[in-house]
>>> print(open('target_18.pdb').read())   # PDB, C-alpha atoms, pLDDT in the B column
ATOM      1  CA  MET A  19    -147.889 -73.317 252.653  1.00 32.00           C
ATOM      2  CA  LEU A  20    -147.019 -72.336 249.086  1.00 33.00           C
ATOM      3  CA  LEU A  21    -147.636 -75.892 247.927  1.00 36.00           C
ATOM      4  CA  ALA A  22    -151.039 -75.911 249.610  1.00 39.00           C
ATOM      5  CA  ASP A  23    -151.915 -72.538 248.060  1.00 38.00           C
ATOM      6  CA  GLY A  24    -151.054 -73.846 244.585  1.00 40.00           C
ATOM      7  CA  PHE A  25    -153.070 -77.001 245.253  1.00 45.00           C
ATOM      8  CA  LEU A  26    -156.083 -74.995 246.403  1.00 44.00           C
ATOM      9  CA  ASP A  27    -155.900 -72.748 243.352  1.00 43.00           C
ATOM     10  CA  SER A  28    -156.232 -75.790 241.091  1.00 45.00           C
ATOM     11  CA  ILE A  29    -159.616 -76.770 242.589  1.00 48.00           C
ATOM     12  CA  PRO A  30    -162.598 -74.490 241.844  1.00 50.00           C
ATOM     13  CA  PRO A  31    -164.117 -73.076 245.065  1.00 53.00           C
ATOM     14  CA  GLY A  32    -167.319 -75.048 244.775  1.00 57.00           C
ATOM     15  CA  PRO A  33    -168.575 -78.492 245.721  1.00 61.00           C
ATOM     16  CA  ALA A  34    -165.355 -80.183 244.517  1.00 64.00           C
ATOM     17  CA  LEU A  35    -163.189 -78.306 247.015  1.00 63.00           C
ATOM     18  CA  LEU A  36    -165.682 -78.972 249.795  1.00 66.00           C
ATOM     19  CA  ALA A  37    -165.673 -82.687 248.901  1.00 71.00           C
ATOM     20  CA  VAL A  38    -161.858 -82.818 249.042  1.00 70.00           C
ATOM     21  CA  ALA A  39    -161.888 -81.025 252.406  1.00 69.00           C
ATOM     22  CA  ALA A  40    -164.566 -83.354 253.814  1.00 72.00           C
ATOM     23  CA  LEU A  41    -162.704 -86.453 252.612  1.00 75.00           C
ATOM     24  CA  LEU A  42    -159.446 -85.282 254.188  1.00 72.00           C
ATOM     25  CA  VAL A  43    -161.135 -84.378 257.479  1.00 72.00           C
ATOM     26  CA  ALA A  44    -162.901 -87.771 257.569  1.00 76.00           C
ATOM     27  CA  ALA A  45    -159.661 -89.641 256.863  1.00 76.00           C
ATOM     28  CA  ALA A  46    -157.798 -87.649 259.512  1.00 72.00           C
ATOM     29  CA  MET A  47    -160.518 -88.269 262.103  1.00 73.00           C
ATOM     30  CA  TYR A  48    -160.551 -92.004 261.307  1.00 76.00           C
ATOM     31  CA  LEU A  49    -156.779 -92.302 261.700  1.00 73.00           C
ATOM     32  CA  PHE A  50    -156.789 -90.322 264.928  1.00 69.00           C
ATOM     33  CA  LEU A  51    -159.697 -92.173 266.495  1.00 73.00           C
ATOM     34  CA  ARG A  52    -158.385 -95.606 265.473  1.00 74.00           C
ATOM     35  CA  ARG A  53    -154.764 -94.649 266.263  1.00 73.00           C
ATOM     36  CA  ARG A  54    -153.652 -96.040 262.917  1.00 71.00           C
ATOM     37  CA  GLY A  55    -150.558 -95.017 260.986  1.00 69.00           C
ATOM     38  CA  ALA A  56    -147.446 -93.204 262.104  1.00 74.00           C
ATOM     39  CA  PRO A  57    -148.052 -90.124 264.272  1.00 75.00           C
ATOM     40  CA  ILE A  58    -146.320 -87.881 261.731  1.00 76.00           C
ATOM     41  CA  VAL A  59    -148.666 -89.118 258.979  1.00 74.00           C
ATOM     42  CA  ARG A  60    -151.712 -88.455 261.145  1.00 71.00           C
ATOM     43  CA  ILE A  61    -150.485 -84.924 261.977  1.00 75.00           C
ATOM     44  CA  ALA A  62    -149.667 -84.187 258.329  1.00 76.00           C
ATOM     45  CA  LEU A  63    -153.130 -85.354 257.257  1.00 72.00           C
ATOM     46  CA  VAL A  64    -154.828 -83.148 259.858  1.00 72.00           C
ATOM     47  CA  VAL A  65    -152.749 -80.127 258.750  1.00 76.00           C
ATOM     48  CA  LEU A  66    -153.592 -80.793 255.079  1.00 74.00           C
ATOM     49  CA  ALA A  67    -157.293 -81.262 255.886  1.00 71.00           C
ATOM     50  CA  LEU A  68    -157.433 -78.016 257.841  1.00 70.00           C
ATOM     51  CA  THR A  69    -155.563 -76.180 255.081  1.00 69.00           C
ATOM     52  CA  VAL A  70    -158.022 -77.364 252.412  1.00 65.00           C
ATOM     53  CA  LEU A  71    -161.026 -76.649 254.628  1.00 63.00           C
ATOM     54  CA  THR A  72    -159.699 -73.161 255.377  1.00 63.00           C
ATOM     55  CA  GLY A  73    -159.191 -72.629 251.651  1.00 59.00           C
ATOM     56  CA  TYR A  74    -162.793 -73.559 250.994  1.00 57.00           C
ATOM     57  CA  LEU A  75    -164.158 -71.371 253.768  1.00 56.00           C
ATOM     58  CA  SER A  76    -162.016 -68.386 252.819  1.00 53.00           C
ATOM     59  CA  ALA A  77    -162.483 -68.606 249.057  1.00 56.00           C
ATOM     60  CA  GLY A  78    -163.095 -64.921 248.638  1.00 57.00           C
ATOM     61  CA  SER A  79    -165.534 -63.157 246.440  1.00 62.00           C
ATOM     62  CA  PRO A  80    -164.485 -62.850 242.826  1.00 69.00           C
ATOM     63  CA  LYS A  81    -163.813 -59.472 241.246  1.00 74.00           C
ATOM     64  CA  PRO A  82    -166.794 -58.274 239.214  1.00 74.00           C
ATOM     65  CA  PRO A  83    -166.762 -57.936 235.442  1.00 78.00           C
ATOM     66  CA  PRO A  84    -165.641 -54.358 234.704  1.00 79.00           C
ATOM     67  CA  ARG A  85    -168.861 -53.133 233.086  1.00 87.00           C
ATOM     68  CA  ALA A  86    -171.480 -55.539 234.405  1.00 92.00           C
ATOM     69  CA  THR A  87    -174.683 -53.972 235.721  1.00 94.00           C
ATOM     70  CA  ILE A  88    -178.045 -55.322 236.759  1.00 96.00           C
ATOM     71  CA  HIS A  89    -181.303 -53.419 237.143  1.00 97.00           C
ATOM     72  CA  LEU A  90    -184.726 -54.468 238.345  1.00 97.00           C
ATOM     73  CA  LEU A  91    -186.944 -52.584 235.885  1.00 97.00           C
ATOM     74  CA  SER A  92    -190.268 -53.865 237.197  1.00 96.00           C
ATOM     75  CA  PRO A  93    -191.738 -53.649 239.766  1.00 97.00           C
ATOM     76  CA  THR A  94    -190.631 -50.176 240.754  1.00 97.00           C
ATOM     77  CA  ASP A  95    -189.659 -48.883 244.177  1.00 97.00           C
ATOM     78  CA  GLY A  96    -192.726 -48.186 246.346  1.00 97.00           C
ATOM     79  CA  GLU A  97    -195.145 -49.986 244.049  1.00 97.00           C
ATOM     80  CA  VAL A  98    -198.245 -51.616 245.584  1.00 96.00           C
ATOM     81  CA  LEU A  99    -198.673 -55.170 244.321  1.00 96.00           C
ATOM     82  CA  PRO A 100    -201.305 -57.892 244.736  1.00 96.00           C
ATOM     83  CA  ALA A 101    -200.449 -60.322 247.544  1.00 96.00           C
ATOM     84  CA  GLY A 102    -200.719 -64.020 246.754  1.00 94.00           C
ATOM     85  CA  SER A 103    -200.488 -63.546 242.977  1.00 94.00           C
ATOM     86  CA  PRO A 104    -197.423 -64.056 240.778  1.00 95.00           C
ATOM     87  CA  ILE A 105    -195.581 -60.750 240.374  1.00 96.00           C
ATOM     88  CA  PRO A 106    -193.680 -60.464 237.070  1.00 96.00           C
ATOM     89  CA  LEU A 107    -190.093 -59.239 237.375  1.00 97.00           C
ATOM     90  CA  LEU A 108    -188.299 -57.571 234.479  1.00 97.00           C
ATOM     91  CA  ILE A 109    -184.513 -57.643 234.860  1.00 96.00           C
ATOM     92  CA  GLN A 110    -181.876 -55.929 232.737  1.00 96.00           C
ATOM     93  CA  LEU A 111    -178.332 -57.371 232.777  1.00 95.00           C
ATOM     94  CA  LYS A 112    -175.544 -55.704 230.803  1.00 94.00           C
ATOM     95  CA  GLY A 113    -171.884 -56.612 230.368  1.00 93.00           C
ATOM     96  CA  ALA A 114    -172.250 -60.237 231.467  1.00 92.00           C
ATOM     97  CA  VAL A 115    -173.234 -63.642 230.136  1.00 89.00           C
ATOM     98  CA  LEU A 116    -175.765 -65.930 231.818  1.00 90.00           C
ATOM     99  CA  VAL A 117    -174.814 -69.595 232.300  1.00 84.00           C
ATOM    100  CA  PRO A 118    -176.745 -72.304 234.155  1.00 79.00           C
ATOM    101  CA  PRO A 119    -175.959 -72.496 237.868  1.00 70.00           C
ATOM    102  CA  ALA A 120    -175.560 -76.264 237.501  1.00 54.00           C
ATOM    103  CA  ILE A 121    -172.272 -75.697 235.650  1.00 50.00           C
ATOM    104  CA  GLN A 122    -169.862 -76.292 238.527  1.00 49.00           C
ATOM    105  CA  THR A 123    -166.881 -77.826 236.768  1.00 52.00           C
ATOM    106  CA  PHE A 124    -164.574 -75.511 234.889  1.00 51.00           C
ATOM    107  CA  ALA A 125    -161.152 -76.904 233.954  1.00 52.00           C
ATOM    108  CA  THR A 126    -159.849 -73.409 234.589  1.00 58.00           C
ATOM    109  CA  PRO A 127    -161.547 -70.616 236.514  1.00 65.00           C
ATOM    110  CA  PRO A 128    -164.630 -69.380 234.636  1.00 70.00           C
ATOM    111  CA  PRO A 129    -164.453 -66.127 232.702  1.00 75.00           C
ATOM    112  CA  ALA A 130    -165.098 -63.125 234.944  1.00 77.00           C
ATOM    113  CA  ASN A 131    -168.225 -62.108 233.054  1.00 86.00           C
ATOM    114  CA  VAL A 132    -170.273 -65.321 233.424  1.00 87.00           C
ATOM    115  CA  GLY A 133    -172.801 -66.240 236.067  1.00 89.00           C
ATOM    116  CA  HIS A 134    -176.502 -66.303 236.783  1.00 90.00           C
ATOM    117  CA  ILE A 135    -179.087 -64.202 238.604  1.00 94.00           C
ATOM    118  CA  HIS A 136    -180.224 -64.775 242.177  1.00 93.00           C
ATOM    119  CA  ILE A 137    -183.631 -63.387 243.099  1.00 95.00           C
ATOM    120  CA  LEU A 138    -183.952 -62.546 246.774  1.00 95.00           C
ATOM    121  CA  VAL A 139    -187.077 -61.567 248.669  1.00 96.00           C
ATOM    122  CA  ASP A 140    -186.456 -60.001 252.070  1.00 96.00           C
ATOM    123  CA  GLY A 141    -182.842 -61.203 251.905  1.00 92.00           C
ATOM    124  CA  HIS A 142    -183.736 -64.857 251.250  1.00 92.00           C
ATOM    125  CA  LEU A 143    -182.944 -66.645 247.989  1.00 91.00           C
ATOM    126  CA  ARG A 144    -186.163 -67.439 246.149  1.00 92.00           C
ATOM    127  CA  THR A 145    -184.922 -68.611 242.763  1.00 89.00           C
ATOM    128  CA  MET A 146    -182.090 -68.534 240.232  1.00 88.00           C
ATOM    129  CA  GLN A 147    -182.622 -67.131 236.754  1.00 87.00           C
ATOM    130  CA  LEU A 148    -181.101 -67.403 233.310  1.00 86.00           C
ATOM    131  CA  SER A 149    -183.220 -64.713 231.692  1.00 88.00           C
ATOM    132  CA  GLY A 150    -184.461 -61.204 232.223  1.00 89.00           C
ATOM    133  CA  ARG A 151    -187.929 -62.381 233.207  1.00 93.00           C
ATOM    134  CA  ALA A 152    -189.041 -64.075 236.405  1.00 93.00           C
ATOM    135  CA  GLN A 153    -191.874 -63.998 238.905  1.00 95.00           C
ATOM    136  CA  VAL A 154    -192.340 -64.139 242.647  1.00 96.00           C
ATOM    137  CA  THR A 155    -195.381 -64.423 244.884  1.00 96.00           C
ATOM    138  CA  LEU A 156    -195.516 -62.211 247.968  1.00 97.00           C
ATOM    139  CA  SER A 157    -197.421 -62.445 251.217  1.00 96.00           C
ATOM    140  CA  PRO A 158    -199.189 -59.287 252.441  1.00 97.00           C
ATOM    141  CA  GLY A 159    -196.850 -56.631 253.825  1.00 96.00           C
ATOM    142  CA  ARG A 160    -193.695 -54.702 252.972  1.00 97.00           C
ATOM    143  CA  HIS A 161    -191.015 -56.548 251.044  1.00 97.00           C
ATOM    144  CA  SER A 162    -187.610 -55.995 249.509  1.00 97.00           C
ATOM    145  CA  ILE A 163    -187.015 -57.663 246.135  1.00 97.00           C
ATOM    146  CA  ALA A 164    -183.406 -57.876 244.974  1.00 97.00           C
ATOM    147  CA  VAL A 165    -181.741 -59.256 241.862  1.00 97.00           C
ATOM    148  CA  GLU A 166    -178.049 -60.108 242.042  1.00 95.00           C
ATOM    149  CA  PHE A 167    -175.629 -61.295 239.376  1.00 93.00           C
ATOM    150  CA  VAL A 168    -173.391 -63.990 240.922  1.00 89.00           C
ATOM    151  CA  ASP A 169    -170.606 -66.203 239.571  1.00 84.00           C
ATOM    152  CA  PRO A 170    -171.270 -69.828 238.486  1.00 80.00           C
ATOM    153  CA  TYR A 171    -170.345 -70.988 242.018  1.00 76.00           C
ATOM    154  CA  HIS A 172    -173.123 -68.818 243.522  1.00 80.00           C
ATOM    155  CA  ARG A 173    -170.577 -66.391 245.033  1.00 80.00           C
ATOM    156  CA  SER A 174    -171.361 -62.694 245.137  1.00 84.00           C
ATOM    157  CA  PHE A 175    -168.905 -60.448 243.359  1.00 85.00           C
ATOM    158  CA  SER A 176    -167.033 -57.881 245.414  1.00 82.00           C
ATOM    159  CA  PRO A 177    -168.410 -55.272 245.132  1.00 87.00           C
ATOM    160  CA  ARG A 178    -171.789 -56.902 244.626  1.00 90.00           C
ATOM    161  CA  ILE A 179    -173.686 -56.514 241.340  1.00 93.00           C
ATOM    162  CA  ILE A 180    -177.160 -56.060 242.804  1.00 96.00           C
ATOM    163  CA  ASP A 181    -180.280 -53.925 242.516  1.00 97.00           C
ATOM    164  CA  SER A 182    -183.340 -53.892 244.752  1.00 97.00           C
ATOM    165  CA  VAL A 183    -186.706 -52.272 245.268  1.00 97.00           C
ATOM    166  CA  ASN A 184    -189.062 -52.024 248.231  1.00 98.00           C
ATOM    167  CA  VAL A 185    -192.701 -52.861 247.537  1.00 97.00           C
ATOM    168  CA  ILE A 186    -195.952 -53.342 249.407  1.00 97.00           C
ATOM    169  CA  ALA A 187    -198.109 -56.417 248.798  1.00 97.00           C
ATOM    170  CA  ARG A 188    -201.801 -56.069 249.644  1.00 96.00           C
ATOM    171  CA  ARG A 189    -204.750 -58.372 249.365  1.00 91.00           C
ATOM    172  CA  SER A 190    -207.436 -57.306 246.890  1.00 78.00           C
ATOM    173  CA  GLY A 191    -209.877 -54.875 248.486  1.00 64.00           C
ATOM    174  CA  ALA A 192    -207.457 -54.026 251.321  1.00 51.00           C
ATOM    175  CA  GLY A 193    -207.763 -50.309 250.739  1.00 49.00           C
ATOM    176  CA  GLY A 194    -205.150 -49.884 248.034  1.00 48.00           C
ATOM    177  CA  GLN A 195    -204.199 -50.770 244.509  1.00 49.00           C
ATOM    178  CA  ALA A 196    -204.160 -54.466 243.883  1.00 45.00           C
TER
END
>>> encode(input="target_18.pdb", output="structure tokens")
Amino acid sequence: MLLADGFLDSIPPGPALLAVAALLVAAAMYLFLRRRGAPIVRIALVVLALTVLTGYLSAGSPKPPPRATIHLLSPTDGEVLPAGSPIPLLIQLKGAVLVPPAIQTFATPPPANVGHIHILVDGHLRTMQLSGRAQVTLSPGRHSIAVEFVDPYHRSFSPRIIDSVNVIARRSGAGGQA
């Protein structure tokens, strides 16, 4: 198992590790279904495939940068916003460096203080950001807007670096600010 752990550590926990796991599972299934190769080889391949797949699925959350913080400065908690119109978001990130989410290949694990921002509305990912400004459009009703700093592989830190506000989106002339 030590060999497998060292092997898994050498592959970043992103699409590359998933591709290796999928390839091994496909090869193992082919050999088993076609009854090709020595039984010991087929068993070893299945064990290796399951080990890699387990490594991918259990790739834990990275530790957060020691002084990284994120704050959603605007809108503010409880604010009434216009539904159907772009809502500007102002985000403050300290103690971390933004890198494009497309960067998925690091020869070594990425520095602990790099990542990008996920913007979530009602718990669902809306967009990814590389700056302190963004916008979202809301349907009428109550909503939660959250900004989270995540690592380059889209994994949340543990504990999470996140801030959120609850807002109300109303149509113009619906009896409130808009």
>>> atom_distance(input="target_18.pdb", atom1="CA of Ala164 (chain A)", atom2="CA of Ile88 (chain A)")
10.1 Å
>>> resolve_selection(input="target_18.pdb", expression="the PyMOL selection byres ((chain A and resi 146-159) around 6)", output="PDB file with C-alpha atoms, in the frame of the given file")
ATOM      1  CA  ALA A 101    -200.449 -60.322 247.544  1.00 96.00           C
ATOM      2  CA  GLY A 102    -200.719 -64.020 246.754  1.00 94.00           C
ATOM      3  CA  SER A 103    -200.488 -63.546 242.977  1.00 94.00           C
ATOM      4  CA  PRO A 104    -197.423 -64.056 240.778  1.00 95.00           C
ATOM      5  CA  ILE A 105    -195.581 -60.750 240.374  1.00 96.00           C
ATOM      6  CA  PRO A 106    -193.680 -60.464 237.070  1.00 96.00           C
ATOM      7  CA  LEU A 107    -190.093 -59.239 237.375  1.00 97.00           C
ATOM      8  CA  LEU A 108    -188.299 -57.571 234.479  1.00 97.00           C
ATOM      9  CA  ILE A 109    -184.513 -57.643 234.860  1.00 96.00           C
ATOM     10  CA  GLN A 110    -181.876 -55.929 232.737  1.00 96.00           C
ATOM     11  CA  LEU A 116    -175.765 -65.930 231.818  1.00 90.00           C
ATOM     12  CA  HIS A 134    -176.502 -66.303 236.783  1.00 90.00           C
ATOM     13  CA  ILE A 135    -179.087 -64.202 238.604  1.00 94.00           C
ATOM     14  CA  HIS A 136    -180.224 -64.775 242.177  1.00 93.00           C
ATOM     15  CA  THR A 145    -184.922 -68.611 242.763  1.00 89.00           C
ATOM     16  CA  ARG A 160    -193.695 -54.702 252.972  1.00 97.00           C
ATOM     17  CA  ILE A 186    -195.952 -53.342 249.407  1.00 97.00           C
ATOM     18  CA  ALA A 187    -198.109 -56.417 248.798  1.00 97.00           C
ATOM     19  CA  ARG A 188    -201.801 -56.069 249.644  1.00 96.00           C
TER      20      ARG A 188
END
>>> closest_residue(input="target_18.pdb", among="A:Gly113, A:Pro170, A:Pro57, A:Pro100", to="Thr87 (chain A)", atoms="all atoms listed in the file")
A:Gly113
>>> closest_residue(input="target_18.pdb", among="A:Thr94, A:Pro119, A:Pro128, A:Ala45", to="Ile163 (chain A)", atoms="all atoms listed in the file")
A:Thr94
>>> resolve_selection(input="target_18.pdb", expression="the PyMOL selection byres ((chain A and resi 139) around 7)", output="MDAnalysis selection string")
chainID A and resid 137:138 140:144 161:164
>>> axis_aligned_box(input="target_18.pdb", around="region 41-54 of chain A", padding_each_side="3 Å", output="JSON")
{"center_x": -158.3, "center_y": -90.2, "center_z": 259.6, "size_x": 15.2, "size_y": 17.7, "size_z": 19.9}
>>> residues_near_point(input="target_18.pdb", point="(-171.1, -56.0, 240.9)", cutoff="9 Å", atoms="all atoms listed in the file", output="tab-separated table (two decimals) with C-alpha atoms, keeping the file's coordinate frame")
chain	number	residue	atom	x	y	z
A	81	LYS	CA	-163.81	-59.47	241.25
A	82	PRO	CA	-166.79	-58.27	239.21
A	83	PRO	CA	-166.76	-57.94	235.44
A	84	PRO	CA	-165.64	-54.36	234.70
A	85	ARG	CA	-168.86	-53.13	233.09
A	86	ALA	CA	-171.48	-55.54	234.40
A	87	THR	CA	-174.68	-53.97	235.72
A	88	ILE	CA	-178.04	-55.32	236.76
A	166	GLU	CA	-178.05	-60.11	242.04
A	167	PHE	CA	-175.63	-61.30	239.38
A	168	VAL	CA	-173.39	-63.99	240.92
A	174	SER	CA	-171.36	-62.69	245.14
A	175	PHE	CA	-168.90	-60.45	243.36
A	176	SER	CA	-167.03	-57.88	245.41
A	177	PRO	CA	-168.41	-55.27	245.13
A	178	ARG	CA	-171.79	-56.90	244.63
A	179	ILE	CA	-173.69	-56.51	241.34
A	180	ILE	CA	-177.16	-56.06	242.80
>>> atom_distance(input="target_18.pdb", atom1="CA of Asn131 (chain A)", atom2="CA of Asp169 (chain A)")
8.1 Å
